[in-house]
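See below for the structure under consideration.
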Amino acid sequence: MSGIFDQSRRRRRGTILPPHRLQSCYTAPPLPVAEAPTSPIERILPAYRPDADVYDEMVDGNGQLRPHWKTFGSFLANCGPQDFTQRTEAVQRLLRDHGVTYNIYDDALGTSRPWILDLLPFIVSTDDFQTVSEGLDQRARLMNAILADIYGPQHLLSEGWIPPALVHANPGFLRPVVGVLPAGGKMATRMGCDLVRGPDGKWMALADRIQSPSGAGYTLENRIILASVFAEEFNASRVRRLKAWYDLKRDMLRSLLPQRRGNAGILMLTPGPYNETYFEHAFQARYLGYPLVEGADLTVRDRRLFLKTLEGLRRVDAVLRHVDDVFADPLELNPDSMLGAAGLLEAWRSGSVALANGLGCGVVETPAMHPFLPGLCRKLLGEELKMACVPTWWCGQKRELDLVLSDPDRWVIKPAFVRGARDPVFVRDLDKEQKARLLDAIRASPHDYIAQEILPLSTTPTLVNGKLEPRSLVWRSYVLANGDKFTAMPGGLTRVSPEPHRWLVTMRSGGISKDTWVLGDAPSENVRLYPAPIVIRPARPPGGVPSRVADHLFWLGRYAERLEQTVRVLRTTLHRFSGEGCAESNREVAACVALMTKLGLLPAKAPDLREHLSALLQDPKRDGSVPDLMSRVRYNAAAARDRLSDDTWRLFNRIERDARMPASGFSVTRAIELLDTLVLDLAAFSGMEQENMTRGHGWRFLEIGRRIERSDVMLTLLQAGVLHAREDEIVLGPLLEIGDSTMTYRRLHFARPMLIQTLDLLLLEPGNPRSFSFQLHALDRLVAKLPHDATQDAGNREREQTDSLLSDLMALNLEKLANAGDLVFEVAPHFCQKMSKGIETLSDIITEHFFSHATVRGR
């Protein structure tokens, strides 16, 4: 993902550019006739000055807008600073709402970095795209031919077309793959290629991304956002759409199916939420309509791949793979991998499942292959190579090694085989000691290094602090197999350097992304490989939810409810804490402390209540704090992101923003305002769940998690409340407030809170959505609809447990307790504790049955 260019190029100096026809909103007052006329670029883009010896994508050497930029340039001519600011803010708002992130491992700034999208697109002319398309089509066919030989007869090695060390020393070469014949005859059905343009205006290949090319999802997200911000400009520019290419992606996957089954199983395999590009995995899964699964969701039986769902095992026919080759199968490849599925390679080898892309494609990703591609193209395809590579020398050959060592300052050094492990090194930028160490390393292991010439990359306008600046770019373009050819995406992921004259262009190093606009005469049409059948209501059973996803949704419900209850408890306590300080207020604070202590939010003896309240609102390392619970909610939501709507994810982002307390000193007033906002946000999530989610098994487990957690918290509060009420019934007021039942109690009783009436409302009232009775009846209905295999399951243990709890609840007679004096203070806490244990038993039964796979259930 890196690009390089010469840092020593001098800037253009005082060139007077020719006049231009476009009018600018920045036009200055008329100048005296004696002065030189203002150049067009100065009228449209006053501060834009590309380097003289660098190809600029927007203006030519004479300062004129290039033809494919004129339509969009006319819009720029009428844009003022305020318009740029408003559109930039719109882009940032949409990125936040959509939750677009790029994960960085061991990042000091945090695991998830916000995605950076420039306001201006990178515009590609029709002719340029045609040239690139033809070059990438040939390149993809060539790579497949090389892969077929490397994992087949290996004539290229025996005849000397490829040095054997380039393959056998390459960790991307997987010996277990030798002899595999993939479905459709192609190892690689999709491919990405990083392109750069040199000073001569010709595109060159910088790097190939074949085993699991990333970035296509970010490309689609960039397009959605920029097409919204520049709606009129987008249509007027006749930008080619991306939808047809994604339709082709669906058709390509269907064409790979080993058997044309009516209910074919196609899914996407992801490493999980901590992967750097997990956002796009979930985004593409939702867009394409495929389940997003992890390796733990899959199992291989009899050389066939299955998805572990709530209803048992479901056959998988094709996998769109986002897991690197070596991690895909811990049985035959990397035994330490937790990301793949044991036996996947054998299932693929047998032909029972198709992989896109096939395992072992990483062997041709090495840039050390670039010097050999022209000869290989003539050998395998009988054609001259259309897309040249950035001049590259592999140090594993003596002549090339001597050339690199003779003039080291001329080169940028990269690892030959380990992609992404280290940044490229400009030898001329090293001090004497660093240079000596690098050259010694190259001499010791020359085959591990390649050298590339330093060349100036083309630049494109980028909006920086309200001004347009030329920045070096790398364009990642994508192709898909389409019959015997490969079709290029009319777009791609463009990245520009975050600083002027910076040699590294990667998202990891802070690069800026751009939407790529490929111009055409009209929007592209949607062409399918074969007619899609018209299905009014597909026969997709509701049980097709992986057990892992159901587990995450279950805990999403629990943690979201725990967060809400914690927020309500803190708000109730802070209202009393900030009161007038009278005796009654102090008693209520003591009652709230007793409730919080029972919930585990406070230690048994908390000498400084204010300090603990501050920590519960601000300290992410404290168990049970608002930041801690928010991170748990976020993790489980991210793990099931493909099951959540865009609106739901926007709401999660809003909750996360609203939950952040200012870093300055703790303020009770600000804390109460924050908690009030969070109560509304969490109520919105509950409403979104009830009104927007389809009543499938995923929703049921989310709802079950919420009901179990609400039951457990309410029973714990009631147990603590009854014990405290024996000494002071003032605890009943906070108890009703936490249970959001104060108004109901007043409407029913017109009196101060009393113990028996409070217990009836919060424990037994089936019409109160906060009562334990309400939760238990809801759980009974939900578990009754969970999937069960009547031939193998020993009864519905979940339903038996809820029935038992309901029976015990109905047996409780509060009227008798009311007439039995202090007996209620003995019976009620014991009863609540018993019910709480029963609820946790229900949780354990559900976990054992559906999440732990203690019993093998096949289908």
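Within each chain, counting starts at residue 1; across the structure tokens, chains are named A, B, ... in the order shown, with ligands numbered 1 upward in that order.
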Please list as a PyMOL selection string every residue within 12 Å of A:Asp440, counting only C-alpha atoms and excluding residues in the same chain fewer than 5 positions away.
chain A and resi 405+408+433-435+445-446+449
Within 12 Å of A:Leu644, counting only C-alpha atoms, which residues show up once you throw out same-chain ones fewer than 4 positions away? Write them as a VMD selection string, please.
chain A and resid 98 282 to 283 285 to 286 292 549 552 to 553 556 636 to 640 648 to 652 685 688 to 689 692 to 694 698 to 699 702
Would you give me, as CSV, each residue of stretch 196-307 of chain A having an atom within 12 Å of an atom of stretch 474-497 of chain A, along with its shortest atom pair and that distance in Å to one decimal, using only C-alpha atoms and sorting by chain and residue number?
residue,atom,partner,partner_atom,distance
A:Val196,CA,A:Val474,CA,5.3
A:Arg197,CA,A:Val474,CA,8.3
A:Gly198,CA,A:Val474,CA,11.1
A:Trp203,CA,A:Trp475,CA,9.8
A:Met204,CA,A:Val474,CA,10.3
A:Ala205,CA,A:Arg476,CA,9.5
A:Leu206,CA,A:Val474,CA,8.6
A:Ala207,CA,A:Arg476,CA,9.1
A:Asp208,CA,A:Arg476,CA,9.2
A:Arg209,CA,A:Arg476,CA,9.1
A:Ile210,CA,A:Tyr478,CA,9.9
A:Ser212,CA,A:Tyr478,CA,11.5
A:Pro213,CA,A:Tyr478,CA,8.3
A:Ser214,CA,A:Leu493,CA,9.4
A:Gly215,CA,A:Leu493,CA,6.2
A:Ala216,CA,A:Gly492,CA,6.9
A:Gly217,CA,A:Leu493,CA,9.1
A:Tyr218,CA,A:Leu493,CA,7.2
A:Thr219,CA,A:Leu493,CA,5.2
A:Leu220,CA,A:Gly492,CA,8.5
A:Glu221,CA,A:Leu493,CA,10.2
A:Asn222,CA,A:Leu493,CA,8.5
A:Arg223,CA,A:Gly491,CA,8.9
A:Arg238,CA,A:Pro490,CA,12.0
A:Val239,CA,A:Pro490,CA,8.8
A:Arg240,CA,A:Pro490,CA,6.2
A:Arg241,CA,A:Pro490,CA,7.0
A:Leu242,CA,A:Pro490,CA,6.4
A:Lys243,CA,A:Met489,CA,9.7
A:Ala244,CA,A:Met489,CA,8.9
A:Trp245,CA,A:Met489,CA,6.0
A:Tyr246,CA,A:Met489,CA,8.7
A:Asp247,CA,A:Leu480,CA,10.9
A:Leu248,CA,A:Asn482,CA,7.7
A:Lys249,CA,A:Leu480,CA,6.9
A:Arg250,CA,A:Leu480,CA,10.4
A:Asp251,CA,A:Asn482,CA,8.9
A:Met252,CA,A:Ala481,CA,6.7
A:Leu253,CA,A:Ala481,CA,9.6
A:Arg254,CA,A:Asn482,CA,11.7
A:Ser255,CA,A:Gly483,CA,9.3
A:Leu256,CA,A:Ala481,CA,10.4
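In this comparison, which uses only C-alpha atoms, the residue of A:Asn144, A:Thr516, A:Gln397, A:Thr270 approaching A:Val364 most closely is A:Asn144.
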Could you pull out the residues in stretch 315-563 of chain A that DSSP calls strand (DSSP E) from the backbone, as number ranges by chain?
A: 315, 318-321, 354-356, 392-394, 411-415, 425-426, 449-453, 459-464, 467-482, 485-488, 493-496, 512-518
I want to know what sits within 10 Å of A:Val679, based on only C-alpha atoms, with residues of the same chain fewer than 3 positions away left out; could you give that as an NGL selection string?
:A and (563-565 or 567-568 or 571 or 655 or 674-676 or 682-685)
Take the residues from that selection and put them in a file with N, CA and C atoms, as a compact mmCIF listing (two decimals), in the first residue's frame.
# COMPACT_ATOMS: atom_id res chain seq x y z
N LEU A 563 -25.71 -1.39 31.09
CA LEU A 563 -25.32 0.01 30.98
C LEU A 563 -26.48 0.93 31.35
N GLU A 564 -27.67 0.62 30.85
CA GLU A 564 -28.83 1.46 31.16
C GLU A 564 -29.13 1.45 32.66
N GLN A 565 -29.09 0.28 33.27
CA GLN A 565 -29.38 0.21 34.70
C GLN A 565 -28.32 0.95 35.51
N VAL A 567 -26.58 3.52 34.48
CA VAL A 567 -26.84 4.95 34.26
C VAL A 567 -27.99 5.42 35.14
N ARG A 568 -29.05 4.63 35.24
CA ARG A 568 -30.20 5.02 36.07
C ARG A 568 -29.82 5.06 37.57
N ARG A 571 -27.64 8.19 38.07
CA ARG A 571 -28.44 9.42 37.99
C ARG A 571 -29.26 9.60 39.27
N ILE A 655 -24.31 7.10 21.11
CA ILE A 655 -24.21 6.73 22.52
C ILE A 655 -22.77 6.82 23.00
N LEU A 674 -25.14 14.46 31.38
CA LEU A 674 -24.68 13.32 30.57
C LEU A 674 -25.56 12.11 30.78
N LEU A 675 -25.90 11.82 32.03
CA LEU A 675 -26.72 10.65 32.33
C LEU A 675 -28.13 10.80 31.78
N ASP A 676 -28.69 12.01 31.84
CA ASP A 676 -30.01 12.24 31.24
C ASP A 676 -29.98 11.94 29.75
N LEU A 682 -30.22 5.31 25.22
CA LEU A 682 -30.43 3.88 25.42
C LEU A 682 -31.90 3.50 25.22
N ALA A 683 -32.80 4.42 25.54
CA ALA A 683 -34.21 4.18 25.24
C ALA A 683 -34.43 4.13 23.73
N ALA A 684 -33.68 4.96 23.01
CA ALA A 684 -33.78 4.95 21.54
C ALA A 684 -33.28 3.62 20.99
N PHE A 685 -32.21 3.07 21.57
CA PHE A 685 -31.73 1.76 21.13
C PHE A 685 -32.77 0.69 21.38
Using only C-alpha atoms, pick whichever of A:Met743, A:Ala318, A:Ala169, A:Ala720 has the shortest atom-to-atom distance to A:Val418.
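Among the listed residues, A:Ala169 lies closest to A:Val418.
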What gap, in Å, lies between atom CA of A:His322 and atom CA of A:Met268?
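Pair atom CA of A:His322 / atom CA of A:Met268 returns 7.3 Å.
Here atom CA of A:Ile454 is placed at a distance of 12.7 Å from atom CA of A:Val404.
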Which of these residues is nearest to A:Val326, using only C-alpha atoms: A:Val783, A:Leu629, A:Leu732, A:Val177?
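Of A:Val783, A:Leu629, A:Leu732, A:Val177, the one nearest A:Val326 is A:Val177, counting only C-alpha atoms.
DSSP, applied to the backbone of this structure, assigns alpha helix (DSSP H) to the following residues of stretch 399-454 of chain A: Arg399, Glu400, Leu401, Asp402, Leu403, Val404, Leu405, Ser406, Lys432, Glu433, Gln434, Lys435, Ala436, Arg437, Leu438, Leu439, Asp440, Ala441, Ile442, Arg443 and Ala444 of chain A.
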Residues at most 10 Å from A:Glu232, counting only C-alpha atoms, excluding those fewer than 5 positions away in the same chain, as a VMD selection string?
chain A and resid 75 227 237
Determine the nearest neighbour of A:Cys592 from the options A:Gly295, A:Arg548, A:Pro734, A:Thr716, counting only C-alpha atoms.
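The shortest atom-to-atom distance to A:Cys592 comes from A:Pro734.
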